[in-house]
Amino acid sequence: MQTIATIRIANSALYLNGQQMFAHEAENAEVFFKALYQYLKLEYPKFFKMDSLSKLGFLAVDALVQHTAEIKSYADDEIAVVFGNYASSLDTDQKYWNGVAAAEPVASPALFVYTLPNIVQGEIAIRHKWYGENMFLVLDRNNKTAVNNSAALLLETGKAKACVAGWVDYLNGAYEAEVALVRKPEE
Amino acid sequence: MDNLNEQLKAQIIAALNMEGLSPADINDDALLFGDGLGLDSIDALELIVMLEQQYKIKIANPEEGQKIFKSINSLADFIRSKQA
Amino acid sequence: MAKVWIGAENIVSPLGLTAADNYAACLQNHSGIAAHEGIGLNGETLYVSRMKDVPSELPNTTSRILQMLYASVKDALRQTSLQLKNNKRVALILSTTKGDIEALEQGSLEGAALSKLVEDLSKLIGHEGEVNVLSNACISGAAAIILAHDMVQTKRADHVIVTGADVVSRFTLTGFQSLHAISHEAARPFCKTRKGVSLGEAAGTVVVSNDNSIFNGEAFDLLGGSTSNDANHISGPSRTGEGLYRAITKTLNRAGVSTADIDFISAHGTGTLYNDDMESVAFNRAGLKDTPLNSFKGYFGHTLGAAGVLEVALCMQTLRNNTMLKNMGMVEAGTVEQVNVLTEHISAPVKTILKTASGFGGCNAALLIQNNNA
């Protein structure tokens, strides 16, 4: 499996292939995500409705698309999106549940729709018009390699020509994204 | 009058968890749905809950909501008509 | 590439504790869905398929979902000669959306972690190979079986235990209520006057393997499958059925199976207006409008992450018994495009089955199983 480019978002900074591209010390993740949105010159109002996990994955993949010309050479169903994380959607799950458990219970539809980890893949598919394969794995933090193994499987079986694969995890303000564009080595 | 508009913007941002937006980012006349702010049918359900909680106004038919929630101005007009 | 087998199915649900018992209950037109008072957000009565007594082989401090998973996997393993001890070549995949969500309701984030659930299960059954959790909303189960197929086909594993479960919780009930998606009667998928979803709880298990001889009973060919995203909306089904259409056509093309070869479709069929319409459009586009189909959700409710595994287990029972089960609850057909929904159980030779699923996040899945044992 050949890695074309890697985007990492962690510690209030964005890295491309290990090199820091942008940093912005912010009091919390949401403020940093907004700064990153502006740095990437995005105009996508729906971004602000997303939960934090979706914002994180969305930004990582947008940065990846901006920095890899190759990604645009694939047909709309040739790119798979394979993500893994530890916390699933637990961050938003908590927020939704706090409303339901309140003295006067409120069930928020806008929160509930984000109580699934793979929603971020839906947001990315809509943004880039990618109709390809999706897979979301929830793993122990020491088992991140399982994501790449599963991405490799999709390339090996020919279900995808390229794969946006990586780790996208958000819980209680702590975040880490590392996604790569990978493909089969040239033959 | 404008107070209601500003209040609504803050309430919509809170209801839809749009933490990264500030009220100044929303124009009074801009479309809330579709190409404007990008809201959808789920958000309409959320705004119906918000109207019930904050203004004690019930909208029985979610379809009706789409017209009321066209823009901040239309929503403010609707609330004033109910409170008049 | 290696030939891939699927066998040893189990279902743990309100209708029974084995796949055969569940299938027999459906054949007798039983449904697990019933009215439960006071379970809605504000104490409303809702219709759900909930287990009165979960299996209790494990200590009573064990979560309900783990009790169900354990009982399901143990029953599946009893139908095989698989040795788990010192065998790294057996993988375990859990498909679920919310796992032990009741732990979160009680304030334990660690307890609600999905990786903990699969690791607990792995230890309890004495499993030593790779573990994984697949969580793609309502296609989780189907996608987990597809992943298992690909792992065995590419020799990443020799055998994969695929187990799926979700429980009916206040979390999911209130959530579907907030979306105005819950039916105020038992769900009636594909019916003209359908009113929405009934949630259900279940665990289901199948064993996927490169070796037919590990199965005590008959096993079938798992021909693999595909997933596809609608790229349209995170919670609303695509009106054109784009993702489901693509998942189906990719699956058929890859397997070299034509639409005429398909004897039966186990559709997703949640009972919401838009989902069932979307499926009818996709099946028409794929040239499958005349193929007999059902949704099993009138019997079991929507079991979310378990649904794909549960429904593939029922498809395997359909192959064993050569009787297709009717679509429970439909009074009158009424989707935007016409499809051939089964209104009664039909006994006929069934060789090839297409299973489909669609879920939030715009994801869709299709897979094929085939009986070549005759």
# chains A, B, ... in the order shown; residues from 1 in each chain; ligands from 1
>>> interface_residues(of="chain C", to="chain B", cutoff="9 Å", atoms="only C-alpha atoms", output="list in words")
Ser178, Leu179, His180, Ser235 and Gly236 of chain C
>>> write_last_selection(atoms="N, CA and C atoms", output="JSON list (two decimals), in the first residue's frame")
[["chain", "number", "residue", "atom", "x", "y", "z"],
["C", 178, "SER", "N", -37.57, 11.80, 18.59],
["C", 178, "SER", "CA", -37.27, 13.20, 18.26],
["C", 178, "SER", "C", -37.25, 13.43, 16.76],
["C", 179, "LEU", "N", -36.96, 12.37, 16.00],
["C", 179, "LEU", "CA", -36.96, 12.49, 14.54],
["C", 179, "LEU", "C", -38.35, 12.27, 13.95],
["C", 180, "HIS", "N", -39.34, 12.06, 14.82],
["C", 180, "HIS", "CA", -40.71, 11.76, 14.39],
["C", 180, "HIS", "C", -40.72, 10.51, 13.52],
["C", 235, "SER", "N", -29.16, 11.99, 7.17],
["C", 235, "SER", "CA", -30.22, 11.23, 7.82],
["C", 235, "SER", "C", -31.40, 10.93, 6.90],
["C", 236, "GLY", "N", -31.52, 11.65, 5.80],
["C", 236, "GLY", "CA", -32.62, 11.41, 4.88],
["C", 236, "GLY", "C", -32.19, 10.50, 3.74]]
>>> interface_residues(of="chain B", to="chain A", cutoff="9 Å", atoms="only C-alpha atoms", output="list in words")
Ile13, Ala15, Leu16, Asn17, Met18, Glu19, Gly20, Leu21, Asp35, Gly36, Leu37, Gly38, Leu39, Ile42, Asp43, Leu45, Glu46 and Val49 of chain B
>>> write_last_selection(atoms="N, CA and C atoms", output="PDB file, in the first residue's frame")
ATOM      1  N   ILE B  13     -28.446  29.273  17.027  1.00  0.00           N
ATOM      2  CA  ILE B  13     -27.061  28.785  17.155  1.00  0.00           C
ATOM      3  C   ILE B  13     -26.961  27.792  18.317  1.00  0.00           C
ATOM      4  N   ALA B  15     -29.557  26.058  19.686  1.00  0.00           N
ATOM      5  CA  ALA B  15     -30.396  24.878  19.448  1.00  0.00           C
ATOM      6  C   ALA B  15     -29.722  23.911  18.488  1.00  0.00           C
ATOM      7  N   LEU B  16     -29.010  24.438  17.501  1.00  0.00           N
ATOM      8  CA  LEU B  16     -28.408  23.577  16.490  1.00  0.00           C
ATOM      9  C   LEU B  16     -26.921  23.332  16.762  1.00  0.00           C
ATOM     10  N   ASN B  17     -26.470  23.728  17.938  1.00  0.00           N
ATOM     11  CA  ASN B  17     -25.088  23.464  18.351  1.00  0.00           C
ATOM     12  C   ASN B  17     -24.073  24.024  17.361  1.00  0.00           C
ATOM     13  N   MET B  18     -24.389  25.176  16.773  1.00  0.00           N
ATOM     14  CA  MET B  18     -23.468  25.745  15.793  1.00  0.00           C
ATOM     15  C   MET B  18     -22.476  26.649  16.519  1.00  0.00           C
ATOM     16  N   GLU B  19     -21.682  25.998  17.388  1.00  0.00           N
ATOM     17  CA  GLU B  19     -20.839  26.751  18.322  1.00  0.00           C
ATOM     18  C   GLU B  19     -19.862  27.686  17.617  1.00  0.00           C
ATOM     19  N   GLY B  20     -19.433  27.316  16.417  1.00  0.00           N
ATOM     20  CA  GLY B  20     -18.440  28.121  15.717  1.00  0.00           C
ATOM     21  C   GLY B  20     -19.010  29.390  15.096  1.00  0.00           C
ATOM     22  N   LEU B  21     -20.326  29.515  15.030  1.00  0.00           N
ATOM     23  CA  LEU B  21     -20.950  30.690  14.405  1.00  0.00           C
ATOM     24  C   LEU B  21     -21.269  31.734  15.455  1.00  0.00           C
ATOM     25  N   ASP B  35     -29.463  26.546   0.492  1.00  0.00           N
ATOM     26  CA  ASP B  35     -28.178  27.164   0.172  1.00  0.00           C
ATOM     27  C   ASP B  35     -27.711  28.194   1.200  1.00  0.00           C
ATOM     28  N   GLY B  36     -28.641  28.737   1.988  1.00  0.00           N
ATOM     29  CA  GLY B  36     -28.251  29.775   2.940  1.00  0.00           C
ATOM     30  C   GLY B  36     -27.409  29.210   4.066  1.00  0.00           C
ATOM     31  N   LEU B  37     -28.034  29.021   5.202  1.00  0.00           N
ATOM     32  CA  LEU B  37     -27.318  28.496   6.357  1.00  0.00           C
ATOM     33  C   LEU B  37     -27.168  26.974   6.276  1.00  0.00           C
ATOM     34  N   GLY B  38     -27.874  26.387   5.321  1.00  0.00           N
ATOM     35  CA  GLY B  38     -27.733  24.949   5.110  1.00  0.00           C
ATOM     36  C   GLY B  38     -28.546  24.088   6.059  1.00  0.00           C
ATOM     37  N   LEU B  39     -29.601  24.644   6.610  1.00  0.00           N
ATOM     38  CA  LEU B  39     -30.429  23.839   7.516  1.00  0.00           C
ATOM     39  C   LEU B  39     -31.278  22.852   6.708  1.00  0.00           C
ATOM     40  N   ILE B  42     -34.274  17.974   9.618  1.00  0.00           N
ATOM     41  CA  ILE B  42     -33.975  17.633  11.017  1.00  0.00           C
ATOM     42  C   ILE B  42     -33.877  18.914  11.846  1.00  0.00           C
ATOM     43  N   ASP B  43     -33.241  19.923  11.249  1.00  0.00           N
ATOM     44  CA  ASP B  43     -33.109  21.196  11.957  1.00  0.00           C
ATOM     45  C   ASP B  43     -34.470  21.845  12.164  1.00  0.00           C
ATOM     46  N   LEU B  45     -37.173  20.270  12.781  1.00  0.00           N
ATOM     47  CA  LEU B  45     -37.718  19.605  13.977  1.00  0.00           C
ATOM     48  C   LEU B  45     -37.117  20.226  15.241  1.00  0.00           C
ATOM     49  N   GLU B  46     -35.822  20.506  15.174  1.00  0.00           N
ATOM     50  CA  GLU B  46     -35.130  21.092  16.322  1.00  0.00           C
ATOM     51  C   GLU B  46     -35.678  22.498  16.617  1.00  0.00           C
ATOM     52  N   VAL B  49     -38.933  22.354  18.417  1.00  0.00           N
ATOM     53  CA  VAL B  49     -38.725  22.131  19.856  1.00  0.00           C
ATOM     54  C   VAL B  49     -38.324  23.442  20.528  1.00  0.00           C
TER      55      VAL B  49
END
>>> select_by_dssp(residues="stretch 107-176 of chain A", states="strand (DSSP E or B)", output="list in words")
Asn134, Met135, Phe136, Leu137, Val138, Ala162, Cys163, Val164, Ala165, Gly166, Trp167, Val168, Asp169, Tyr170, Leu171, Ala174, Tyr175 and Glu176 of chain A
>>> write_last_selection(atoms="N, CA and C atoms", output="PDB file, in the first residue's frame")
ATOM      1  N   ASN A 134     -17.629   2.699   2.335  1.00  0.00           N
ATOM      2  CA  ASN A 134     -17.456   3.308   3.660  1.00  0.00           C
ATOM      3  C   ASN A 134     -17.247   2.213   4.696  1.00  0.00           C
ATOM      4  N   MET A 135     -16.352   2.464   5.641  1.00  0.00           N
ATOM      5  CA  MET A 135     -16.224   1.544   6.765  1.00  0.00           C
ATOM      6  C   MET A 135     -15.770   2.337   7.987  1.00  0.00           C
ATOM      7  N   PHE A 136     -16.458   2.132   9.098  1.00  0.00           N
ATOM      8  CA  PHE A 136     -16.025   2.785  10.333  1.00  0.00           C
ATOM      9  C   PHE A 136     -15.777   1.721  11.401  1.00  0.00           C
ATOM     10  N   LEU A 137     -14.535   1.702  11.909  1.00  0.00           N
ATOM     11  CA  LEU A 137     -14.151   0.712  12.910  1.00  0.00           C
ATOM     12  C   LEU A 137     -13.952   1.400  14.251  1.00  0.00           C
ATOM     13  N   VAL A 138     -14.428   0.773  15.292  1.00  0.00           N
ATOM     14  CA  VAL A 138     -14.193   1.312  16.632  1.00  0.00           C
ATOM     15  C   VAL A 138     -13.238   0.359  17.335  1.00  0.00           C
ATOM     16  N   ALA A 162      -8.490   3.935  -4.574  1.00  0.00           N
ATOM     17  CA  ALA A 162      -7.765   4.723  -3.579  1.00  0.00           C
ATOM     18  C   ALA A 162      -8.607   4.748  -2.316  1.00  0.00           C
ATOM     19  N   CYS A 163      -7.963   5.074  -1.226  1.00  0.00           N
ATOM     20  CA  CYS A 163      -8.691   5.046   0.022  1.00  0.00           C
ATOM     21  C   CYS A 163      -8.233   6.210   0.903  1.00  0.00           C
ATOM     22  N   VAL A 164      -9.214   6.914   1.459  1.00  0.00           N
ATOM     23  CA  VAL A 164      -8.913   7.926   2.463  1.00  0.00           C
ATOM     24  C   VAL A 164      -9.072   7.207   3.794  1.00  0.00           C
ATOM     25  N   ALA A 165      -7.952   6.969   4.460  1.00  0.00           N
ATOM     26  CA  ALA A 165      -7.993   6.082   5.612  1.00  0.00           C
ATOM     27  C   ALA A 165      -7.287   6.704   6.805  1.00  0.00           C
ATOM     28  N   GLY A 166      -7.828   6.488   7.980  1.00  0.00           N
ATOM     29  CA  GLY A 166      -7.114   6.954   9.151  1.00  0.00           C
ATOM     30  C   GLY A 166      -7.942   6.990  10.418  1.00  0.00           C
ATOM     31  N   TRP A 167      -7.354   7.691  11.386  1.00  0.00           N
ATOM     32  CA  TRP A 167      -7.869   7.739  12.751  1.00  0.00           C
ATOM     33  C   TRP A 167      -8.525   9.096  12.970  1.00  0.00           C
ATOM     34  N   VAL A 168      -9.766   9.109  13.413  1.00  0.00           N
ATOM     35  CA  VAL A 168     -10.479  10.372  13.669  1.00  0.00           C
ATOM     36  C   VAL A 168     -11.190  10.225  15.003  1.00  0.00           C
ATOM     37  N   ASP A 169     -10.632  10.810  16.034  1.00  0.00           N
ATOM     38  CA  ASP A 169     -11.140  10.557  17.383  1.00  0.00           C
ATOM     39  C   ASP A 169     -11.364  11.866  18.125  1.00  0.00           C
ATOM     40  N   TYR A 170     -12.506  11.967  18.783  1.00  0.00           N
ATOM     41  CA  TYR A 170     -12.828  13.178  19.549  1.00  0.00           C
ATOM     42  C   TYR A 170     -13.587  12.784  20.814  1.00  0.00           C
ATOM     43  N   LEU A 171     -13.113  13.228  21.954  1.00  0.00           N
ATOM     44  CA  LEU A 171     -13.845  12.979  23.195  1.00  0.00           C
ATOM     45  C   LEU A 171     -13.516  14.065  24.217  1.00  0.00           C
ATOM     46  N   ALA A 174     -10.698  16.557  23.636  1.00  0.00           N
ATOM     47  CA  ALA A 174      -9.424  16.015  23.148  1.00  0.00           C
ATOM     48  C   ALA A 174      -9.640  15.445  21.751  1.00  0.00           C
ATOM     49  N   TYR A 175      -8.732  15.781  20.831  1.00  0.00           N
ATOM     50  CA  TYR A 175      -8.956  15.348  19.459  1.00  0.00           C
ATOM     51  C   TYR A 175      -7.666  14.893  18.804  1.00  0.00           C
ATOM     52  N   GLU A 176      -7.816  14.021  17.826  1.00  0.00           N
ATOM     53  CA  GLU A 176      -6.688  13.575  17.024  1.00  0.00           C
ATOM     54  C   GLU A 176      -7.214  13.040  15.701  1.00  0.00           C
TER      55      GLU A 176
END
>>> closest_atom_pairs(of="chain A", to="chain C", cutoff="9 Å", atoms="only C-alpha atoms", output="JSON lines")
{"residue": "A:Asp77", "atom": "CA", "partner": "C:Ser228", "partner_atom": "CA", "distance": 7.8}
{"residue": "A:Ala80", "atom": "CA", "partner": "C:Ser228", "partner_atom": "CA", "distance": 8.9}
{"residue": "A:Tyr86", "atom": "CA", "partner": "C:Ser115", "partner_atom": "CA", "distance": 7.3}
{"residue": "A:Ala87", "atom": "CA", "partner": "C:Ala113", "partner_atom": "CA", "distance": 6.5}
{"residue": "A:Ser88", "atom": "CA", "partner": "C:Leu114", "partner_atom": "CA", "distance": 7.5}
{"residue": "A:Leu90", "atom": "CA", "partner": "C:Leu109", "partner_atom": "CA", "distance": 7.3}
{"residue": "A:Asp93", "atom": "CA", "partner": "C:Leu104", "partner_atom": "CA", "distance": 8.2}
{"residue": "A:Gln94", "atom": "CA", "partner": "C:Leu104", "partner_atom": "CA", "distance": 7.4}
{"residue": "A:Tyr96", "atom": "CA", "partner": "C:Phe171", "partner_atom": "CA", "distance": 8.3}
{"residue": "A:Trp97", "atom": "CA", "partner": "C:Phe171", "partner_atom": "CA", "distance": 6.7}
{"residue": "A:Asn98", "atom": "CA", "partner": "C:Glu105", "partner_atom": "CA", "distance": 8.9}
{"residue": "A:Val100", "atom": "CA", "partner": "C:Leu41", "partner_atom": "CA", "distance": 7.5}
{"residue": "A:Ala101", "atom": "CA", "partner": "C:Glu105", "partner_atom": "CA", "distance": 8.2}
{"residue": "A:Pro105", "atom": "CA", "partner": "C:Leu41", "partner_atom": "CA", "distance": 7.0}
{"residue": "A:Val106", "atom": "CA", "partner": "C:Leu41", "partner_atom": "CA", "distance": 7.9}
{"residue": "A:Ala107", "atom": "CA", "partner": "C:Ser178", "partner_atom": "CA", "distance": 5.7}
{"residue": "A:Ser108", "atom": "CA", "partner": "C:Ser178", "partner_atom": "CA", "distance": 6.3}
{"residue": "A:Pro109", "atom": "CA", "partner": "C:Ser178", "partner_atom": "CA", "distance": 5.1}
{"residue": "A:Ala110", "atom": "CA", "partner": "C:Leu179", "partner_atom": "CA", "distance": 8.8}
{"residue": "A:Leu111", "atom": "CA", "partner": "C:Gly175", "partner_atom": "CA", "distance": 8.8}
{"residue": "A:Phe112", "atom": "CA", "partner": "C:Gly175", "partner_atom": "CA", "distance": 5.6}
{"residue": "A:Val113", "atom": "CA", "partner": "C:Ser235", "partner_atom": "CA", "distance": 6.7}
{"residue": "A:Tyr114", "atom": "CA", "partner": "C:Ile234", "partner_atom": "CA", "distance": 8.8}
{"residue": "A:Thr115", "atom": "CA", "partner": "C:Lys98", "partner_atom": "CA", "distance": 8.6}
{"residue": "A:Leu116", "atom": "CA", "partner": "C:Ala137", "partner_atom": "CA", "distance": 6.3}
{"residue": "A:Pro117", "atom": "CA", "partner": "C:Ser135", "partner_atom": "CA", "distance": 7.0}
{"residue": "A:Asn118", "atom": "CA", "partner": "C:Asn136", "partner_atom": "CA", "distance": 5.4}
{"residue": "A:Ile119", "atom": "CA", "partner": "C:Gly361", "partner_atom": "CA", "distance": 4.4}
{"residue": "A:Val120", "atom": "CA", "partner": "C:Gly361", "partner_atom": "CA", "distance": 7.3}
{"residue": "A:Gln121", "atom": "CA", "partner": "C:Gly361", "partner_atom": "CA", "distance": 6.6}
{"residue": "A:Gly122", "atom": "CA", "partner": "C:Gly361", "partner_atom": "CA", "distance": 4.3}
{"residue": "A:Glu123", "atom": "CA", "partner": "C:Ile234", "partner_atom": "CA", "distance": 6.6}
{"residue": "A:Ile124", "atom": "CA", "partner": "C:Ala231", "partner_atom": "CA", "distance": 8.0}
{"residue": "A:Ala125", "atom": "CA", "partner": "C:Ala231", "partner_atom": "CA", "distance": 4.6}
{"residue": "A:Ile126", "atom": "CA", "partner": "C:Ala231", "partner_atom": "CA", "distance": 4.1}
{"residue": "A:Arg127", "atom": "CA", "partner": "C:Ala231", "partner_atom": "CA", "distance": 7.6}
{"residue": "A:His128", "atom": "CA", "partner": "C:Ala231", "partner_atom": "CA", "distance": 7.9}
{"residue": "A:Lys129", "atom": "CA", "partner": "C:Ala231", "partner_atom": "CA", "distance": 5.4}
{"residue": "A:Trp130", "atom": "CA", "partner": "C:Ala231", "partner_atom": "CA", "distance": 6.1}
{"residue": "A:Tyr131", "atom": "CA", "partner": "C:Asn229", "partner_atom": "CA", "distance": 4.6}
{"residue": "A:Gly132", "atom": "CA", "partner": "C:Ser228", "partner_atom": "CA", "distance": 5.0}
{"residue": "A:Glu133", "atom": "CA", "partner": "C:Ser228", "partner_atom": "CA", "distance": 4.9}
{"residue": "A:Asn134", "atom": "CA", "partner": "C:Thr227", "partner_atom": "CA", "distance": 6.4}
{"residue": "A:Met135", "atom": "CA", "partner": "C:Asn136", "partner_atom": "CA", "distance": 6.6}
{"residue": "A:Phe136", "atom": "CA", "partner": "C:Ser135", "partner_atom": "CA", "distance": 5.6}
{"residue": "A:Leu137", "atom": "CA", "partner": "C:Leu134", "partner_atom": "CA", "distance": 4.7}
{"residue": "A:Val138", "atom": "CA", "partner": "C:Val133", "partner_atom": "CA", "distance": 5.2}
{"residue": "A:Leu139", "atom": "CA", "partner": "C:Ser115", "partner_atom": "CA", "distance": 5.3}
{"residue": "A:Asp140", "atom": "CA", "partner": "C:Ser115", "partner_atom": "CA", "distance": 5.6}
{"residue": "A:Ala146", "atom": "CA", "partner": "C:Asn132", "partner_atom": "CA", "distance": 8.0}
{"residue": "A:Ser150", "atom": "CA", "partner": "C:Leu147", "partner_atom": "CA", "distance": 8.1}
{"residue": "A:Leu153", "atom": "CA", "partner": "C:Asp150", "partner_atom": "CA", "distance": 6.9}
{"residue": "A:Leu154", "atom": "CA", "partner": "C:Asp150", "partner_atom": "CA", "distance": 8.2}
{"residue": "A:Glu156", "atom": "CA", "partner": "C:Thr154", "partner_atom": "CA", "distance": 7.9}
{"residue": "A:Thr157", "atom": "CA", "partner": "C:Asp150", "partner_atom": "CA", "distance": 7.4}
{"residue": "A:Lys159", "atom": "CA", "partner": "C:Ser226", "partner_atom": "CA", "distance": 7.7}
>>> write_last_selection(atoms="C-alpha atoms", output="PDB file, in the first residue's frame")
ATOM      1  CA  ASP A  77     -17.050   5.653  -6.631  1.00  0.00           C
ATOM      2  CA  ALA A  80     -13.253   4.505  -0.205  1.00  0.00           C
ATOM      3  CA  TYR A  86     -11.701   4.779  20.108  1.00  0.00           C
ATOM      4  CA  ALA A  87     -14.552   6.982  21.311  1.00  0.00           C
ATOM      5  CA  SER A  88     -17.093   6.224  18.592  1.00  0.00           C
ATOM      6  CA  LEU A  90     -19.532   9.058  22.708  1.00  0.00           C
ATOM      7  CA  ASP A  93     -23.840  10.707  22.843  1.00  0.00           C
ATOM      8  CA  GLN A  94     -23.199  12.354  26.219  1.00  0.00           C
ATOM      9  CA  TYR A  96     -27.686  14.111  23.665  1.00  0.00           C
ATOM     10  CA  TRP A  97     -28.175  12.001  26.783  1.00  0.00           C
ATOM     11  CA  ASN A  98     -27.785  14.997  29.115  1.00  0.00           C
ATOM     12  CA  VAL A 100     -32.919  13.309  27.854  1.00  0.00           C
ATOM     13  CA  ALA A 101     -31.797  12.810  31.464  1.00  0.00           C
ATOM     14  CA  PRO A 105     -36.359  15.893  29.351  1.00  0.00           C
ATOM     15  CA  VAL A 106     -35.483  17.177  25.891  1.00  0.00           C
ATOM     16  CA  ALA A 107     -34.576  14.911  22.995  1.00  0.00           C
ATOM     17  CA  SER A 108     -32.646  16.931  20.438  1.00  0.00           C
ATOM     18  CA  PRO A 109     -32.998  15.647  16.868  1.00  0.00           C
ATOM     19  CA  ALA A 110     -30.050  17.766  15.711  1.00  0.00           C
ATOM     20  CA  LEU A 111     -27.821  16.054  18.290  1.00  0.00           C
ATOM     21  CA  PHE A 112     -29.294  12.580  17.879  1.00  0.00           C
ATOM     22  CA  VAL A 113     -28.414  12.378  14.181  1.00  0.00           C
ATOM     23  CA  TYR A 114     -24.749  12.730  15.162  1.00  0.00           C
ATOM     24  CA  THR A 115     -24.821   9.897  17.713  1.00  0.00           C
ATOM     25  CA  LEU A 116     -23.268   7.505  15.204  1.00  0.00           C
ATOM     26  CA  PRO A 117     -19.549   7.530  14.391  1.00  0.00           C
ATOM     27  CA  ASN A 118     -20.016   7.056  10.643  1.00  0.00           C
ATOM     28  CA  ILE A 119     -21.972  10.289  10.194  1.00  0.00           C
ATOM     29  CA  VAL A 120     -18.645  12.022   9.512  1.00  0.00           C
ATOM     30  CA  GLN A 121     -18.243   9.742   6.495  1.00  0.00           C
ATOM     31  CA  GLY A 122     -21.662  10.861   5.281  1.00  0.00           C
ATOM     32  CA  GLU A 123     -20.648  14.514   5.626  1.00  0.00           C
ATOM     33  CA  ILE A 124     -17.452  13.834   3.660  1.00  0.00           C
ATOM     34  CA  ALA A 125     -19.317  11.889   0.962  1.00  0.00           C
ATOM     35  CA  ILE A 126     -21.774  14.783   0.531  1.00  0.00           C
ATOM     36  CA  ARG A 127     -19.005  17.377   0.426  1.00  0.00           C
ATOM     37  CA  HIS A 128     -16.864  15.617  -2.181  1.00  0.00           C
ATOM     38  CA  LYS A 129     -19.612  13.638  -3.977  1.00  0.00           C
ATOM     39  CA  TRP A 130     -17.930  10.344  -3.195  1.00  0.00           C
ATOM     40  CA  TYR A 131     -20.188   7.322  -3.663  1.00  0.00           C
ATOM     41  CA  GLY A 132     -17.546   4.723  -2.796  1.00  0.00           C
ATOM     42  CA  GLU A 133     -17.145   2.218   0.015  1.00  0.00           C
ATOM     43  CA  ASN A 134     -17.456   3.308   3.660  1.00  0.00           C
ATOM     44  CA  MET A 135     -16.224   1.544   6.765  1.00  0.00           C
ATOM     45  CA  PHE A 136     -16.025   2.785  10.333  1.00  0.00           C
ATOM     46  CA  LEU A 137     -14.151   0.712  12.910  1.00  0.00           C
ATOM     47  CA  VAL A 138     -14.193   1.312  16.632  1.00  0.00           C
ATOM     48  CA  LEU A 139     -10.979   0.079  18.170  1.00  0.00           C
ATOM     49  CA  ASP A 140      -8.807   0.096  21.210  1.00  0.00           C
ATOM     50  CA  ALA A 146      -6.553  -2.307  11.988  1.00  0.00           C
ATOM     51  CA  SER A 150      -9.020  -2.812   6.340  1.00  0.00           C
ATOM     52  CA  LEU A 153      -8.290  -5.062   1.993  1.00  0.00           C
ATOM     53  CA  LEU A 154     -10.512  -2.759  -0.091  1.00  0.00           C
ATOM     54  CA  GLU A 156      -6.600  -5.648  -2.681  1.00  0.00           C
ATOM     55  CA  THR A 157     -10.110  -6.799  -3.553  1.00  0.00           C
ATOM     56  CA  LYS A 159     -13.406  -2.445  -4.458  1.00  0.00           C
TER      57      LYS A 159
END
>>> residues_around(residues="stretch 294-311 of chain C", least_positions_apart="4", cutoff="7 Å", atoms="only C-alpha atoms", output="PyMOL selection string")
chain C and resi 11+26+30-33+48-49+95-97+137-142+163-166+187-189+197-205+265-270+315+326-329+341-342+357
>>> select_by_dssp(residues="stretch 7-147 of chain A", states="alpha helix (DSSP H)", output="number ranges by chain")
A: 29-39, 52-67, 90-100, 109-112, 119-128, 145-147
>>> atom_distance(atom1="atom CA of C:Val12", atom2="atom CA of C:Leu121")
15.5 Å
>>> closest_atom_pairs(of="stretch 70-148 of chain A", to="stretch 178-187 of chain A", cutoff="10 Å", atoms="only C-alpha atoms", output="tab-separated table")
residue	atom	partner	partner_atom	distance
A:Glu70	CA	A:Leu181	CA	9.3
A:Ile71	CA	A:Leu181	CA	7.8
A:Ile79	CA	A:Leu181	CA	9.2
A:Ala80	CA	A:Leu181	CA	9.7
A:Val81	CA	A:Leu181	CA	9.4
A:Val82	CA	A:Val179	CA	9.2
A:Phe83	CA	A:Val179	CA	8.1
A:Gly84	CA	A:Val179	CA	9.9
A:Asn148	CA	A:Val182	CA	9.1
>>> closest_residue(among="C:Ala157, C:Val162, C:Leu223, C:Leu314", to="C:Asn253", atoms="only C-alpha atoms")
C:Leu223
>>> residues_around(residues="B:Gln83", least_positions_apart="3", cutoff="12 Å", atoms="only C-alpha atoms", output="list in words")
Tyr55, Lys56, Ile57, Ala76, Asp77, Phe78, Ile79 and Arg80 of chain B
>>> write_last_selection(atoms="N, CA and C atoms", output="tab-separated table (two decimals), in the first residue's frame")
chain	number	residue	atom	x	y	z
B	55	TYR	N	-40.78	29.97	23.43
B	55	TYR	CA	-41.87	30.91	23.14
B	55	TYR	C	-43.26	30.31	23.39
B	56	LYS	N	-43.27	29.03	23.86
B	56	LYS	CA	-44.54	28.34	24.12
B	56	LYS	C	-45.44	28.33	22.88
B	57	ILE	N	-44.80	28.26	21.70
B	57	ILE	CA	-45.58	28.19	20.46
B	57	ILE	C	-45.46	26.78	19.91
B	76	ALA	N	-39.24	35.87	13.01
B	76	ALA	CA	-39.58	36.91	13.97
B	76	ALA	C	-41.01	37.40	13.74
B	77	ASP	N	-41.38	37.56	12.47
B	77	ASP	CA	-42.75	37.98	12.15
B	77	ASP	C	-43.76	36.98	12.69
B	78	PHE	N	-43.45	35.71	12.51
B	78	PHE	CA	-44.36	34.65	12.96
B	78	PHE	C	-44.52	34.71	14.48
B	79	ILE	N	-43.41	34.87	15.18
B	79	ILE	CA	-43.48	34.90	16.65
B	79	ILE	C	-44.29	36.11	17.12
B	80	ARG	N	-44.05	37.26	16.48
B	80	ARG	CA	-44.82	38.46	16.86
B	80	ARG	C	-46.31	38.26	16.62
>>> atom_distance(atom1="atom CA of A:Gln38", atom2="atom CA of B:Ala14")
21.2 Å
